[in-house]
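Engineer: Sharing model_7.cif below, mmCIF, C-alpha atoms:
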```
data_protein
#
loop_
_atom_site.label_atom_id
_atom_site.label_comp_id
_atom_site.auth_asym_id
_atom_site.auth_seq_id
_atom_site.Cartn_x
_atom_site.Cartn_y
_atom_site.Cartn_z
CA MET A 1 152.07 117.38 54.05
CA GLU A 2 152.30 121.14 53.88
CA GLY A 3 149.75 123.25 55.65
CA TYR A 4 148.98 120.48 58.10
CA LYS A 5 150.18 119.68 61.57
CA LYS A 6 149.57 116.89 64.04
CA CYS A 7 147.13 117.42 66.89
CA PRO A 8 149.11 117.25 70.16
CA TYR A 9 146.21 115.37 71.82
CA CYS A 10 145.08 112.75 69.32
CA GLY A 11 147.88 112.78 66.72
CA GLU A 12 145.58 113.30 63.71
CA GLU A 13 146.56 115.58 60.80
CA ILE A 14 144.76 118.94 61.03
CA PRO A 15 145.20 122.25 59.17
CA GLU A 16 147.90 124.53 60.62
CA SER A 17 145.42 127.39 61.02
CA ALA A 18 142.99 125.26 63.11
CA THR A 19 142.32 126.42 66.65
CA LYS A 20 140.31 123.34 67.53
CA CYS A 21 140.96 119.73 66.51
CA MET A 22 138.14 118.40 64.37
CA TYR A 23 138.79 114.84 65.61
CA CYS A 24 139.08 115.12 69.38
CA SER A 25 137.56 118.62 69.83
CA ALA A 26 140.56 119.86 71.83
CA TRP A 27 141.34 123.60 71.76
CA LEU A 28 144.82 124.02 70.34
CA ASN A 29 145.61 127.62 71.29
CA ASP A 30 144.12 127.58 74.82
CA PRO A 31 146.93 128.01 77.34
CA LYS A 32 144.86 126.32 80.08
CA ALA A 33 144.25 123.19 78.03
CA THR A 34 147.32 121.18 78.92
CA ALA A 35 145.56 117.91 79.55
CA GLN A 36 143.92 115.71 76.99
CA PRO A 37 140.19 116.35 76.76
CA GLN A 38 137.88 113.87 78.43
CA PRO A 39 136.54 111.20 76.12
CA VAL A 40 132.87 111.31 75.31
CA GLN A 41 131.07 109.36 77.99
CA GLN A 42 128.82 106.57 76.94
CA PRO A 43 125.29 106.87 78.25
CA GLN A 44 124.77 104.88 81.39
CA PRO A 45 122.40 101.95 81.10
CA VAL A 46 119.03 102.70 82.58
CA GLN A 47 118.63 101.00 85.91
CA PRO A 48 115.15 99.66 86.56
CA GLN A 49 113.43 101.49 89.36
CA PRO A 50 112.59 99.27 92.30
CA GLN A 51 108.88 98.62 92.49
CA PRO A 52 107.15 99.46 95.74
CA VAL A 53 106.48 96.44 97.87
CA ARG A 54 102.83 95.57 97.77
CA ARG A 55 101.65 94.45 101.10
CA SER A 56 98.88 91.95 101.42
CA ASN A 57 96.71 90.83 104.26
CA GLY A 58 96.29 87.09 103.79
CA ILE A 59 94.00 86.53 106.74
CA ALA A 60 91.67 89.29 105.55
CA THR A 61 91.59 87.70 102.10
CA ALA A 62 90.68 84.36 103.67
CA GLY A 63 87.95 86.06 105.72
CA LEU A 64 86.51 87.72 102.62
CA VAL A 65 86.48 84.48 100.63
CA LEU A 66 84.86 82.54 103.49
CA SER A 67 82.25 85.26 103.95
CA ILE A 68 81.37 85.18 100.26
CA LEU A 69 81.15 81.38 100.33
CA GLY A 70 78.94 81.57 103.41
CA LEU A 71 76.62 84.00 101.65
CA ALA A 72 76.56 81.85 98.49
CA LEU A 73 75.81 78.69 100.46
CA CYS A 74 73.20 80.21 102.75
CA TRP A 75 70.69 77.55 101.74
CA ILE A 76 72.75 74.91 103.63
CA PRO A 77 72.30 75.99 107.28
CA ILE A 78 75.11 74.02 109.00
CA VAL A 79 77.71 74.82 106.32
CA ASP A 80 76.61 78.44 106.27
CA VAL A 81 77.02 78.88 110.02
CA ILE A 82 80.53 77.38 109.92
CA LEU A 83 81.59 79.53 106.95
CA TRP A 84 80.02 82.61 108.52
CA PHE A 85 81.87 82.09 111.80
CA LEU A 86 85.24 81.52 110.12
CA GLY A 87 84.73 84.41 107.69
CA PHE A 88 83.75 86.74 110.51
CA LEU A 89 86.67 85.61 112.69
CA PHE A 90 89.31 85.95 109.97
CA SER A 91 87.93 89.30 108.81
CA PHE A 92 87.89 90.59 112.38
CA ILE A 93 91.52 89.56 112.89
CA GLY A 94 92.42 91.06 109.50
CA VAL A 95 91.08 94.48 110.53
CA PHE A 96 94.09 94.86 112.83
CA LYS A 97 96.58 94.44 109.96
CA ARG A 98 97.19 96.66 106.94
CA PRO A 99 95.75 96.87 104.29
CA ARG A 100 92.29 96.66 105.78
CA GLY A 101 90.02 96.86 102.73
CA LYS A 102 89.37 93.15 102.30
CA ALA A 103 88.88 92.68 106.04
CA ILE A 104 86.22 95.40 106.16
CA ALA A 105 84.49 93.92 103.12
CA GLY A 106 84.56 90.49 104.79
CA LEU A 107 82.97 91.92 107.94
CA ILE A 108 80.19 93.61 105.98
CA ILE A 109 79.46 90.42 104.03
CA SER A 110 79.50 88.45 107.30
CA VAL A 111 76.86 90.77 108.78
CA ILE A 112 74.71 90.34 105.67
CA SER A 113 75.29 86.58 105.84
CA ILE A 114 74.17 86.31 109.49
CA LEU A 115 70.98 88.16 108.60
CA VAL A 116 70.37 85.67 105.79
CA ILE A 117 71.09 82.78 108.19
CA ILE A 118 68.49 84.12 110.63
CA LEU A 119 65.92 84.48 107.84
CA VAL A 120 66.60 81.00 106.44
CA LEU A 121 66.49 79.32 109.85
CA GLY A 122 63.33 81.27 110.72
CA GLY A 123 61.72 80.21 107.46
CA ILE A 124 62.67 76.58 108.02
CA GLY A 125 61.34 76.76 111.58
CA ALA A 126 58.08 78.34 110.46
CA ALA A 127 57.64 75.78 107.70
CA LEU A 128 58.28 72.88 110.04
CA SER A 129 55.96 74.15 112.75
CA GLU A 130 53.02 74.21 110.36
CA THR A 131 53.37 70.62 109.19
CA ASP A 132 51.95 67.56 110.90
CA TRP A 133 54.94 65.33 110.31
CA PHE A 134 57.08 67.52 112.56
CA GLU A 135 54.73 66.88 115.52
CA GLY A 136 54.73 63.19 114.77
CA LEU A 137 58.51 62.98 115.10
CA PHE A 138 58.48 63.86 118.77
CA SER A 139 55.30 62.14 119.94
CA TYR A 140 55.73 58.70 121.37
#
```
The structure given in the file should be rewritten as structure tokens.
Structural biologist:
Amino acid sequence: MEGYKKCPYCGEEIPESATKCMYCSAWLNDPKATAQPQPVQQPQPVQPQPQPVRRSNGIATAGLVLSILGLALCWIPIVDVILWFLGFLFSFIGVFKRPRGKAIAGLIISVISILVIILVLGGIGAALSETDWFEGLFSY
């Protein structure tokens, strides 16, 4: 074909007057361009960013749950005292680990729960002291 030449880089037919190949984008009259141009790079696949490790405080969670159960079951004195003690103990231990939020919440609920325990036991004691059947239990 007249008026056309082959690109020295890609071998495609281009016009003789071209200074840049329309196929591989190589400059034809640049004295510094002796190497074949770099191929177009494909975009790199997006790597998922590592998620930050969420730390948990299992013993504080247990203390919070036990404290809430103790507060919910405050009308059963023996069960309430056991749940209060375990909730307070686990929450207290959990304060020394991070994160501390649940441990602090468990301690606050434990304090509220012990106040409720004192009121319930005081009410039961006051109610029993005013009845005659309580005195009859211990008189022989």
Engineer: What gap, in Å, lies between CA of Arg55 (chain A) and CA of Lys97 (chain A)?
Structural biologist: 10.2 Å
Engineer: If I wrap all listed atoms of region 121-126 of chain A in a box with edges along x, y and z and add 5 Å on each side, what are its centre and edge lengths in Å to one decimal, as lines of an AutoDock Vina configuration file?
Structural biologist:
```
center_x = 62.3
center_y = 78.9
center_z = 109.5
size_x = 18.4
size_y = 14.7
size_z = 14.1
```
Engineer: Please write the residues picked by the PyMOL selection byres ((chain A and resi 63-72) around 10) on this file as a ChimeraX atom specification.
Structural biologist: /A:58-62,73-77,79-94,101-117
Engineer: What does the structure give for the distance between CA of Pro8 (chain A) and CA of Cys24 (chain A), in Å to one decimal?
Structural biologist: 10.3 Å
Engineer: Name the residues in contact with Lys5 (chain A) at a cut-off of 6 Å, using all atoms listed in the file, excluding same-chain residues fewer than 4 positions from it; report them as a PyMOL selection string.
Structural biologist: chain A and resi 13-14+16
Engineer: What's the separation between CA of Glu12 (chain A) and CA of Pro43 (chain A), in Å to one decimal place?
Structural biologist: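 Distance between the two atoms: 25.8 Å.
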